[in-house]
$ cat my_file_25.txt   # compact mmCIF, N, CA, C and O atoms
# COMPACT_ATOMS: atom_id res chain seq x y z
N MET M 1 -15.12 7.74 54.52
CA MET M 1 -16.27 7.51 55.36
C MET M 1 -15.76 7.32 56.79
O MET M 1 -14.86 6.54 57.03
N ALA M 2 -16.38 8.03 57.72
CA ALA M 2 -15.98 7.95 59.12
C ALA M 2 -17.01 7.18 59.92
O ALA M 2 -18.16 7.05 59.50
N ASN M 3 -16.60 6.67 61.05
CA ASN M 3 -17.50 6.00 61.98
C ASN M 3 -17.54 6.78 63.27
O ASN M 3 -16.50 7.22 63.77
N VAL M 4 -18.74 6.95 63.82
CA VAL M 4 -18.92 7.64 65.09
C VAL M 4 -19.68 6.70 66.00
O VAL M 4 -20.65 6.06 65.58
N THR M 5 -19.24 6.61 67.25
CA THR M 5 -19.94 5.78 68.22
C THR M 5 -20.71 6.69 69.17
O THR M 5 -20.13 7.56 69.81
N ILE M 6 -22.01 6.46 69.21
CA ILE M 6 -22.90 7.21 70.08
C ILE M 6 -23.28 6.30 71.24
O ILE M 6 -23.68 5.16 71.03
N ASP M 7 -23.14 6.82 72.46
CA ASP M 7 -23.52 6.04 73.63
C ASP M 7 -24.93 6.45 74.03
O ASP M 7 -25.20 7.61 74.29
N LEU M 8 -25.81 5.49 74.05
CA LEU M 8 -27.20 5.75 74.41
C LEU M 8 -27.63 4.74 75.45
O LEU M 8 -27.73 3.54 75.16
N GLY M 9 -27.83 5.21 76.65
CA GLY M 9 -28.24 4.31 77.72
C GLY M 9 -27.17 3.29 78.08
O GLY M 9 -27.48 2.17 78.46
N GLY M 10 -25.91 3.67 77.93
CA GLY M 10 -24.82 2.76 78.26
C GLY M 10 -24.51 1.75 77.17
O GLY M 10 -23.67 0.88 77.36
N ARG M 11 -25.19 1.88 76.02
CA ARG M 11 -24.94 0.96 74.91
C ARG M 11 -24.35 1.74 73.75
O ARG M 11 -24.90 2.75 73.32
N PRO M 12 -23.24 1.26 73.21
CA PRO M 12 -22.62 1.95 72.07
C PRO M 12 -23.33 1.62 70.76
O PRO M 12 -23.73 0.48 70.53
N HIS M 13 -23.49 2.63 69.95
CA HIS M 13 -24.09 2.46 68.62
C HIS M 13 -23.15 3.15 67.63
O HIS M 13 -22.96 4.35 67.69
N THR M 14 -22.58 2.36 66.73
CA THR M 14 -21.65 2.90 65.75
C THR M 14 -22.40 3.24 64.47
O THR M 14 -23.17 2.42 63.95
N VAL M 15 -22.18 4.47 64.00
CA VAL M 15 -22.88 4.98 62.83
C VAL M 15 -21.85 5.54 61.85
O VAL M 15 -20.92 6.24 62.26
N ALA M 16 -22.01 5.23 60.59
CA ALA M 16 -21.12 5.77 59.56
C ALA M 16 -21.62 7.14 59.13
O ALA M 16 -22.83 7.41 59.12
N CYS M 17 -20.68 8.01 58.81
CA CYS M 17 -21.03 9.34 58.31
C CYS M 17 -19.92 9.82 57.37
O CYS M 17 -18.84 9.23 57.31
N ARG M 18 -20.22 10.88 56.65
CA ARG M 18 -19.20 11.46 55.77
C ARG M 18 -18.09 12.09 56.58
O ARG M 18 -18.33 12.59 57.68
N ASP M 19 -16.91 12.07 56.04
CA ASP M 19 -15.79 12.72 56.71
C ASP M 19 -16.13 14.18 56.97
O ASP M 19 -16.71 14.86 56.13
N GLY M 20 -15.83 14.63 58.15
CA GLY M 20 -16.10 16.01 58.53
C GLY M 20 -17.43 16.20 59.25
O GLY M 20 -17.69 17.26 59.80
N GLU M 21 -18.28 15.19 59.26
CA GLU M 21 -19.59 15.31 59.91
C GLU M 21 -19.61 14.66 61.30
O GLU M 21 -20.67 14.57 61.92
N GLU M 22 -18.46 14.26 61.78
CA GLU M 22 -18.39 13.56 63.05
C GLU M 22 -18.91 14.42 64.22
O GLU M 22 -19.69 13.93 65.05
N ALA M 23 -18.50 15.67 64.27
CA ALA M 23 -18.92 16.54 65.37
C ALA M 23 -20.43 16.72 65.38
O ALA M 23 -21.07 16.69 66.45
N ARG M 24 -21.01 16.87 64.21
CA ARG M 24 -22.47 17.03 64.12
C ARG M 24 -23.18 15.77 64.60
O ARG M 24 -24.17 15.84 65.32
N LEU M 25 -22.67 14.62 64.23
CA LEU M 25 -23.27 13.37 64.65
C LEU M 25 -23.16 13.18 66.17
O LEU M 25 -24.11 12.72 66.81
N HIS M 26 -22.01 13.57 66.74
CA HIS M 26 -21.87 13.52 68.20
C HIS M 26 -22.89 14.45 68.86
O HIS M 26 -23.49 14.09 69.88
N GLN M 27 -23.09 15.63 68.29
CA GLN M 27 -24.07 16.58 68.83
C GLN M 27 -25.48 15.98 68.80
O GLN M 27 -26.22 16.06 69.77
N LEU M 28 -25.85 15.37 67.68
CA LEU M 28 -27.17 14.74 67.57
C LEU M 28 -27.31 13.59 68.57
O LEU M 28 -28.38 13.40 69.17
N GLY M 29 -26.24 12.85 68.75
CA GLY M 29 -26.24 11.76 69.73
C GLY M 29 -26.45 12.28 71.14
O GLY M 29 -27.19 11.66 71.93
N ARG M 30 -25.84 13.42 71.46
CA ARG M 30 -26.05 14.02 72.79
C ARG M 30 -27.51 14.46 72.97
O ARG M 30 -28.08 14.32 74.05
N MET M 31 -28.12 14.96 71.89
CA MET M 31 -29.54 15.33 71.97
C MET M 31 -30.39 14.11 72.30
O MET M 31 -31.30 14.17 73.13
N MET M 32 -30.09 13.00 71.65
CA MET M 32 -30.83 11.77 71.93
C MET M 32 -30.56 11.30 73.36
O MET M 32 -31.50 10.91 74.07
N ALA M 33 -29.32 11.36 73.78
CA ALA M 33 -28.96 10.92 75.13
C ALA M 33 -29.65 11.77 76.20
O ALA M 33 -30.03 11.26 77.25
N ASP M 34 -29.85 13.06 75.91
CA ASP M 34 -30.56 13.93 76.85
C ASP M 34 -31.99 13.45 77.09
O ASP M 34 -32.54 13.61 78.17
N HIS M 35 -32.61 12.88 76.07
CA HIS M 35 -33.98 12.40 76.17
C HIS M 35 -34.08 10.97 76.70
O HIS M 35 -35.16 10.50 77.04
N TRP M 36 -32.97 10.27 76.72
CA TRP M 36 -32.98 8.85 77.06
C TRP M 36 -33.59 8.54 78.43
O TRP M 36 -34.43 7.64 78.53
N PRO M 37 -33.23 9.25 79.52
CA PRO M 37 -33.80 8.89 80.82
C PRO M 37 -35.34 8.95 80.85
O PRO M 37 -35.99 8.06 81.39
N ILE M 38 -35.91 9.97 80.24
CA ILE M 38 -37.37 10.10 80.20
C ILE M 38 -37.97 9.00 79.32
O ILE M 38 -38.98 8.40 79.67
N ALA M 39 -37.33 8.75 78.19
CA ALA M 39 -37.82 7.71 77.28
C ALA M 39 -37.76 6.34 77.94
O ALA M 39 -38.68 5.54 77.79
N LEU M 40 -36.71 6.11 78.68
CA LEU M 40 -36.56 4.82 79.37
C LEU M 40 -37.66 4.63 80.41
O LEU M 40 -38.25 3.55 80.51
N ARG M 41 -37.97 5.69 81.15
CA ARG M 41 -39.07 5.60 82.12
C ARG M 41 -40.40 5.36 81.40
O ARG M 41 -41.22 4.55 81.84
N ALA M 42 -40.62 6.05 80.28
CA ALA M 42 -41.86 5.88 79.52
C ALA M 42 -41.98 4.46 78.97
O ALA M 42 -43.08 3.95 78.79
N ALA M 43 -40.84 3.84 78.70
CA ALA M 43 -40.83 2.47 78.16
C ALA M 43 -40.88 1.43 79.26
O ALA M 43 -40.67 0.24 79.00
N GLY M 44 -41.16 1.86 80.48
CA GLY M 44 -41.25 0.91 81.58
C GLY M 44 -39.90 0.43 82.07
O GLY M 44 -39.80 -0.65 82.66
N GLY M 45 -38.86 1.21 81.82
CA GLY M 45 -37.53 0.84 82.29
C GLY M 45 -36.83 -0.20 81.45
O GLY M 45 -35.76 -0.67 81.80
N VAL M 46 -37.44 -0.57 80.34
CA VAL M 46 -36.85 -1.59 79.48
C VAL M 46 -36.15 -0.91 78.31
O VAL M 46 -36.81 -0.33 77.45
N PRO M 47 -34.81 -0.96 78.28
CA PRO M 47 -34.12 -0.32 77.17
C PRO M 47 -34.34 -1.08 75.87
O PRO M 47 -34.71 -2.25 75.88
N GLY M 48 -34.16 -0.41 74.78
CA GLY M 48 -34.30 -1.07 73.50
C GLY M 48 -35.20 -0.30 72.56
O GLY M 48 -35.30 0.93 72.61
N GLU M 49 -35.88 -1.06 71.71
CA GLU M 49 -36.66 -0.49 70.63
C GLU M 49 -37.74 0.48 71.12
O GLU M 49 -37.93 1.56 70.57
N ARG M 50 -38.46 0.11 72.18
CA ARG M 50 -39.55 0.96 72.67
C ARG M 50 -39.00 2.27 73.23
O ARG M 50 -39.57 3.34 73.00
N ALA M 51 -37.92 2.21 73.98
CA ALA M 51 -37.31 3.42 74.51
C ALA M 51 -36.82 4.31 73.37
O ALA M 51 -36.98 5.53 73.40
N MET M 52 -36.24 3.68 72.35
CA MET M 52 -35.76 4.44 71.19
C MET M 52 -36.94 5.11 70.48
O MET M 52 -36.83 6.24 70.00
N LEU M 53 -38.09 4.43 70.43
CA LEU M 53 -39.29 5.01 69.85
C LEU M 53 -39.70 6.27 70.61
O LEU M 53 -40.03 7.29 70.01
N PHE M 54 -39.64 6.21 71.94
CA PHE M 54 -40.01 7.37 72.73
C PHE M 54 -39.03 8.53 72.52
O PHE M 54 -39.43 9.69 72.49
N VAL M 55 -37.75 8.23 72.37
CA VAL M 55 -36.78 9.28 72.06
C VAL M 55 -37.16 9.95 70.73
O VAL M 55 -37.21 11.17 70.63
N ALA M 56 -37.46 9.12 69.74
CA ALA M 56 -37.84 9.66 68.42
C ALA M 56 -39.10 10.50 68.52
O ALA M 56 -39.19 11.58 67.91
N LEU M 57 -40.08 10.05 69.29
CA LEU M 57 -41.32 10.82 69.44
C LEU M 57 -41.08 12.16 70.14
O LEU M 57 -41.66 13.18 69.75
N MET M 58 -40.24 12.16 71.15
CA MET M 58 -39.94 13.42 71.85
C MET M 58 -39.24 14.41 70.92
O MET M 58 -39.56 15.60 70.89
N LEU M 59 -38.29 13.91 70.14
CA LEU M 59 -37.58 14.79 69.20
C LEU M 59 -38.52 15.27 68.09
O LEU M 59 -38.46 16.43 67.69
N ALA M 60 -39.41 14.40 67.63
CA ALA M 60 -40.38 14.80 66.61
C ALA M 60 -41.32 15.85 67.17
O ALA M 60 -41.69 16.81 66.46
N ASP M 61 -41.72 15.71 68.43
CA ASP M 61 -42.59 16.70 69.07
C ASP M 61 -41.89 18.06 69.14
O ASP M 61 -42.50 19.10 68.86
N GLU M 62 -40.62 18.07 69.52
CA GLU M 62 -39.86 19.33 69.57
C GLU M 62 -39.78 19.96 68.18
O GLU M 62 -39.96 21.17 68.03
N LEU M 63 -39.52 19.15 67.18
CA LEU M 63 -39.43 19.65 65.81
C LEU M 63 -40.77 20.24 65.37
O LEU M 63 -40.82 21.32 64.77
N ASP M 64 -41.86 19.56 65.69
CA ASP M 64 -43.19 20.06 65.33
C ASP M 64 -43.48 21.39 66.01
O ASP M 64 -44.03 22.30 65.38
N GLU M 65 -43.11 21.52 67.29
CA GLU M 65 -43.32 22.79 67.99
C GLU M 65 -42.54 23.91 67.32
O GLU M 65 -43.05 25.02 67.17
N ILE M 66 -41.34 23.62 66.90
CA ILE M 66 -40.51 24.63 66.22
C ILE M 66 -41.15 25.03 64.90
O ILE M 66 -41.21 26.21 64.55
N ARG M 67 -41.65 24.05 64.17
CA ARG M 67 -42.29 24.33 62.88
C ARG M 67 -43.57 25.14 63.04
O ARG M 67 -43.95 25.89 62.15
N GLN M 68 -44.26 24.98 64.18
CA GLN M 68 -45.53 25.68 64.41
C GLN M 68 -45.32 27.11 64.88
O GLN M 68 -46.25 27.91 64.85
N ARG M 69 -44.12 27.44 65.34
CA ARG M 69 -43.85 28.81 65.80
C ARG M 69 -43.92 29.77 64.64
O ARG M 69 -43.50 29.44 63.53
N PRO M 70 -44.39 30.99 64.90
CA PRO M 70 -44.37 31.98 63.84
C PRO M 70 -42.92 32.32 63.49
O PRO M 70 -42.04 32.21 64.33
N PRO M 71 -42.70 32.72 62.25
CA PRO M 71 -41.33 33.10 61.88
C PRO M 71 -40.84 34.23 62.77
O PRO M 71 -41.63 35.05 63.24
N GLU M 72 -39.54 34.27 62.99
CA GLU M 72 -38.96 35.30 63.84
C GLU M 72 -39.32 36.68 63.29
O GLU M 72 -39.19 36.94 62.10
N GLY M 73 -39.81 37.51 64.15
CA GLY M 73 -40.19 38.86 63.75
C GLY M 73 -41.66 38.95 63.36
O GLY M 73 -42.21 40.03 63.26
N ALA M 74 -42.31 37.81 63.13
CA ALA M 74 -43.73 37.83 62.77
C ALA M 74 -44.55 38.02 64.05
O ALA M 74 -44.25 37.45 65.08
N VAL M 75 -45.58 38.81 63.94
CA VAL M 75 -46.41 39.06 65.09
C VAL M 75 -47.54 38.03 65.17
O VAL M 75 -47.96 37.63 66.24
N VAL M 76 -48.00 37.57 64.02
CA VAL M 76 -49.12 36.64 63.96
C VAL M 76 -48.70 35.39 63.19
O VAL M 76 -48.07 35.50 62.15
N SER M 77 -49.09 34.22 63.69
CA SER M 77 -48.74 32.97 63.03
C SER M 77 -49.55 32.78 61.75
O SER M 77 -50.60 33.39 61.57
N GLU M 78 -49.07 31.90 60.90
CA GLU M 78 -49.77 31.60 59.64
C GLU M 78 -51.19 31.07 59.88
O GLU M 78 -52.12 31.54 59.24
N PRO M 79 -51.39 30.11 60.80
CA PRO M 79 -52.76 29.65 61.05
C PRO M 79 -53.67 30.79 61.54
O PRO M 79 -54.84 30.87 61.15
N ALA M 80 -53.15 31.67 62.37
CA ALA M 80 -53.94 32.79 62.86
C ALA M 80 -54.29 33.74 61.72
O ALA M 80 -55.42 34.24 61.64
N LEU M 81 -53.33 33.98 60.84
CA LEU M 81 -53.60 34.83 59.68
C LEU M 81 -54.68 34.22 58.79
O LEU M 81 -55.55 34.94 58.28
N ALA M 82 -54.66 32.92 58.62
CA ALA M 82 -55.68 32.25 57.80
C ALA M 82 -57.05 32.40 58.44
O ALA M 82 -58.04 32.66 57.74
N ARG M 83 -57.13 32.27 59.78
CA ARG M 83 -58.42 32.44 60.46
C ARG M 83 -58.92 33.88 60.33
O ARG M 83 -60.11 34.11 60.11
N ILE M 84 -58.02 34.84 60.44
CA ILE M 84 -58.39 36.25 60.29
C ILE M 84 -58.90 36.51 58.88
O ILE M 84 -59.93 37.17 58.69
N ALA M 85 -58.21 35.97 57.88
CA ALA M 85 -58.63 36.16 56.49
C ALA M 85 -60.01 35.55 56.26
O ALA M 85 -60.87 36.17 55.61
N ASP M 86 -60.24 34.35 56.80
CA ASP M 86 -61.56 33.71 56.66
C ASP M 86 -62.65 34.57 57.29
O ASP M 86 -63.73 34.75 56.73
N ARG M 87 -62.37 35.10 58.45
CA ARG M 87 -63.36 35.94 59.15
C ARG M 87 -63.64 37.22 58.36
O ARG M 87 -64.79 37.63 58.24
N LEU M 88 -62.58 37.84 57.83
CA LEU M 88 -62.77 39.05 57.04
C LEU M 88 -63.59 38.78 55.78
O LEU M 88 -64.45 39.58 55.40
N GLU M 89 -63.34 37.64 55.15
CA GLU M 89 -64.13 37.27 53.97
C GLU M 89 -65.60 37.06 54.33
O GLU M 89 -66.49 37.47 53.59
N ALA M 90 -65.85 36.44 55.47
CA ALA M 90 -67.23 36.23 55.91
C ALA M 90 -67.91 37.56 56.20
O ALA M 90 -69.08 37.77 55.84
N LEU M 91 -67.18 38.48 56.82
CA LEU M 91 -67.75 39.80 57.08
C LEU M 91 -68.03 40.55 55.79
O LEU M 91 -69.08 41.20 55.65
N ALA M 92 -67.11 40.47 54.84
CA ALA M 92 -67.30 41.14 53.55
C ALA M 92 -68.52 40.57 52.83
O ALA M 92 -69.32 41.31 52.26
N ALA M 93 -68.70 39.26 52.89
CA ALA M 93 -69.86 38.63 52.26
C ALA M 93 -71.15 39.09 52.93
O ALA M 93 -72.15 39.35 52.26
N ALA M 94 -71.11 39.21 54.25
CA ALA M 94 -72.30 39.66 54.98
C ALA M 94 -72.63 41.11 54.61
O ALA M 94 -73.80 41.47 54.44
N LEU M 95 -71.61 41.95 54.46
CA LEU M 95 -71.84 43.35 54.08
C LEU M 95 -72.37 43.43 52.65
O LEU M 95 -73.25 44.26 52.36
N ASP M 96 -71.86 42.60 51.77
CA ASP M 96 -72.33 42.59 50.39
C ASP M 96 -73.79 42.16 50.31
O ASP M 96 -74.53 42.62 49.43
N ALA M 97 -74.21 41.32 51.20
CA ALA M 97 -75.58 40.81 51.19
C ALA M 97 -76.57 41.87 51.64
O ALA M 97 -77.76 41.74 51.42
N GLY M 98 -76.07 42.93 52.25
CA GLY M 98 -76.97 44.00 52.69
C GLY M 98 -77.41 43.80 54.10
O GLY M 98 -77.06 42.82 54.76
N PRO M 99 -78.26 44.73 54.59
CA PRO M 99 -78.69 44.65 55.98
C PRO M 99 -79.62 43.43 56.18
O PRO M 99 -80.33 43.01 55.27
N ALA M 100 -79.56 42.92 57.37
CA ALA M 100 -80.39 41.77 57.72
C ALA M 100 -81.84 42.22 57.79
O ALA M 100 -82.13 43.32 58.26
N PRO M 101 -82.77 41.40 57.30
CA PRO M 101 -84.20 41.78 57.36
C PRO M 101 -84.65 41.85 58.83
O PRO M 101 -84.20 41.10 59.66
N ARG M 102 -85.59 42.79 59.06
CA ARG M 102 -86.11 42.96 60.44
C ARG M 102 -87.49 42.46 60.54
O ARG M 102 -88.31 42.43 59.79
$ encode --input "my_file_25.txt" --output "structure tokens"
Amino acid sequence: MANVTIDLGGRPHTVACRDGEEARLHQLGRMMADHWPIALRAAGGVPGERAMLFVALMLADELDEIRQRPPEGAVVSEPALARIADRLEALAAALDAGPAPR
């Protein structure tokens, strides 16, 4: 078991990880550190739990945006395809019902 120290806002945080995962943990720590200045401002300049919460929220927002993107090579997203399918079903039902009375 290895220990990695991540510096976040000038404060060291030591985290245990499996041997061989140190570089990945340092990379994740740098991602958090990149968000730290904005998170610190959002937390009113007070480092600590609230600033860490904002870092987590920013990273979660990025992850959600990535998850919402259509798969690479896809022209239309899944939600858009679902809306198109619903519309086509509604049109088919309207056609099956026959012409509208005049």
$ residues_around --input "my_file_25.txt" --residues "segment 28-42 of chain M" --least-positions-apart "4" --cutoff "7 Å" --atoms "only N, CA, C and O atoms" --output "PyMOL selection string"
chain M and resi 6-9+22-24+46-47+50-52+54-55
$ closest_residue --input "my_file_25.txt" --among "M:Leu59, M:Leu25, M:Ala74, M:Ala94" --to "Val4 of chain M" --atoms "all atoms listed in the file"
M:Leu25
$ atom_distance --input "my_file_25.txt" --atom1 "atom CA of Val15 of chain M" --atom2 "atom N of Asn3 of chain M"
6.7 Å
$ atom_distance --input "my_file_25.txt" --atom1 "atom CA of Leu53 of chain M" --atom2 "atom CA of Arg11 of chain M"
15.7 Å
$ residues_around --input "my_file_25.txt" --residues "Arg18 of chain M" --least-positions-apart "3" --cutoff "7 Å" --atoms "only C-alpha atoms" --output "PDB file with N, CA, C and O atoms, keeping the file's coordinate frame"
ATOM      1  N   MET M   1     -15.120   7.740  54.520  1.00  0.00           N
ATOM      2  CA  MET M   1     -16.270   7.510  55.360  1.00  0.00           C
ATOM      3  C   MET M   1     -15.760   7.320  56.790  1.00  0.00           C
ATOM      4  O   MET M   1     -14.860   6.540  57.030  1.00  0.00           O
ATOM      5  N   ALA M   2     -16.380   8.030  57.720  1.00  0.00           N
ATOM      6  CA  ALA M   2     -15.980   7.950  59.120  1.00  0.00           C
ATOM      7  C   ALA M   2     -17.010   7.180  59.920  1.00  0.00           C
ATOM      8  O   ALA M   2     -18.160   7.050  59.500  1.00  0.00           O
ATOM      9  N   GLU M  21     -18.280  15.190  59.260  1.00  0.00           N
ATOM     10  CA  GLU M  21     -19.590  15.310  59.910  1.00  0.00           C
ATOM     11  C   GLU M  21     -19.610  14.660  61.300  1.00  0.00           C
ATOM     12  O   GLU M  21     -20.670  14.570  61.920  1.00  0.00           O
TER      13      GLU M  21
END
$ atom_distance --input "my_file_25.txt" --atom1 "atom C of Gly10 of chain M" --atom2 "atom N of Gly48 of chain M"
10.2 Å
$ build_atoms --input "my_file_25.txt" --residues "segment 59-69 of chain M" --atoms "all heavy atoms" --output "short mmCIF file (atom, residue, chain, number, x, y, z; two decimals), in the frame of the given file"
data_model
loop_
_atom_site.label_atom_id
_atom_site.label_comp_id
_atom_site.auth_asym_id
_atom_site.auth_seq_id
_atom_site.Cartn_x
_atom_site.Cartn_y
_atom_site.Cartn_z
N LEU M 59 -38.29 13.91 70.14
CA LEU M 59 -37.58 14.79 69.20
C LEU M 59 -38.52 15.27 68.09
O LEU M 59 -38.46 16.43 67.69
CB LEU M 59 -36.37 14.07 68.61
CG LEU M 59 -35.24 13.82 69.61
CD1 LEU M 59 -34.18 12.91 69.00
CD2 LEU M 59 -34.62 15.12 70.08
N ALA M 60 -39.41 14.40 67.63
CA ALA M 60 -40.38 14.80 66.61
C ALA M 60 -41.32 15.85 67.17
O ALA M 60 -41.69 16.81 66.46
CB ALA M 60 -41.16 13.58 66.12
N ASP M 61 -41.72 15.71 68.43
CA ASP M 61 -42.59 16.70 69.07
C ASP M 61 -41.89 18.06 69.14
O ASP M 61 -42.50 19.10 68.86
CB ASP M 61 -42.99 16.22 70.46
CG ASP M 61 -43.94 17.16 71.14
OD1 ASP M 61 -45.01 17.47 70.55
OD2 ASP M 61 -43.65 17.61 72.28
N GLU M 62 -40.62 18.07 69.52
CA GLU M 62 -39.86 19.33 69.57
C GLU M 62 -39.78 19.96 68.18
O GLU M 62 -39.96 21.17 68.03
CB GLU M 62 -38.45 19.08 70.10
CG GLU M 62 -38.40 18.80 71.58
CD GLU M 62 -36.99 18.54 72.07
OE1 GLU M 62 -36.02 18.84 71.34
OE2 GLU M 62 -36.85 18.04 73.20
N LEU M 63 -39.52 19.15 67.18
CA LEU M 63 -39.43 19.65 65.81
C LEU M 63 -40.77 20.24 65.37
O LEU M 63 -40.82 21.32 64.77
CB LEU M 63 -39.02 18.53 64.86
CG LEU M 63 -38.96 18.88 63.38
CD1 LEU M 63 -37.96 20.01 63.12
CD2 LEU M 63 -38.61 17.65 62.57
N ASP M 64 -41.86 19.56 65.69
CA ASP M 64 -43.19 20.06 65.33
C ASP M 64 -43.48 21.39 66.01
O ASP M 64 -44.03 22.30 65.38
CB ASP M 64 -44.26 19.02 65.68
CG ASP M 64 -45.63 19.46 65.23
OD1 ASP M 64 -45.81 19.70 64.01
OD2 ASP M 64 -46.54 19.57 66.08
N GLU M 65 -43.11 21.52 67.29
CA GLU M 65 -43.32 22.79 67.99
C GLU M 65 -42.54 23.91 67.32
O GLU M 65 -43.05 25.02 67.17
CB GLU M 65 -42.90 22.66 69.45
CG GLU M 65 -43.89 21.91 70.31
CD GLU M 65 -43.46 21.84 71.76
OE1 GLU M 65 -42.59 22.65 72.18
OE2 GLU M 65 -43.98 20.98 72.48
N ILE M 66 -41.34 23.62 66.90
CA ILE M 66 -40.51 24.63 66.22
C ILE M 66 -41.15 25.03 64.90
O ILE M 66 -41.21 26.21 64.55
CB ILE M 66 -39.08 24.12 66.03
CG1 ILE M 66 -38.37 24.04 67.39
CG2 ILE M 66 -38.30 24.99 65.05
CD1 ILE M 66 -37.07 23.27 67.37
N ARG M 67 -41.65 24.05 64.17
CA ARG M 67 -42.29 24.33 62.88
C ARG M 67 -43.57 25.14 63.04
O ARG M 67 -43.95 25.89 62.15
CB ARG M 67 -42.60 23.04 62.14
CG ARG M 67 -41.38 22.38 61.58
CD ARG M 67 -41.77 21.11 60.85
NE ARG M 67 -40.64 20.52 60.17
CZ ARG M 67 -40.64 19.33 59.64
NH1 ARG M 67 -41.73 18.58 59.69
NH2 ARG M 67 -39.57 18.85 59.04
N GLN M 68 -44.26 24.98 64.18
CA GLN M 68 -45.53 25.68 64.41
C GLN M 68 -45.32 27.11 64.88
O GLN M 68 -46.25 27.91 64.85
CB GLN M 68 -46.37 24.92 65.45
CG GLN M 68 -46.80 23.54 65.02
CD GLN M 68 -47.70 23.56 63.80
OE1 GLN M 68 -48.52 24.44 63.62
NE2 GLN M 68 -47.52 22.58 62.93
N ARG M 69 -44.12 27.44 65.34
CA ARG M 69 -43.85 28.81 65.80
C ARG M 69 -43.92 29.77 64.64
O ARG M 69 -43.50 29.44 63.53
CB ARG M 69 -42.46 28.90 66.42
CG ARG M 69 -42.34 28.27 67.75
CD ARG M 69 -40.95 28.49 68.30
NE ARG M 69 -40.71 27.53 69.35
CZ ARG M 69 -39.52 27.06 69.67
NH1 ARG M 69 -38.46 27.47 69.03
NH2 ARG M 69 -39.39 26.19 70.64
#
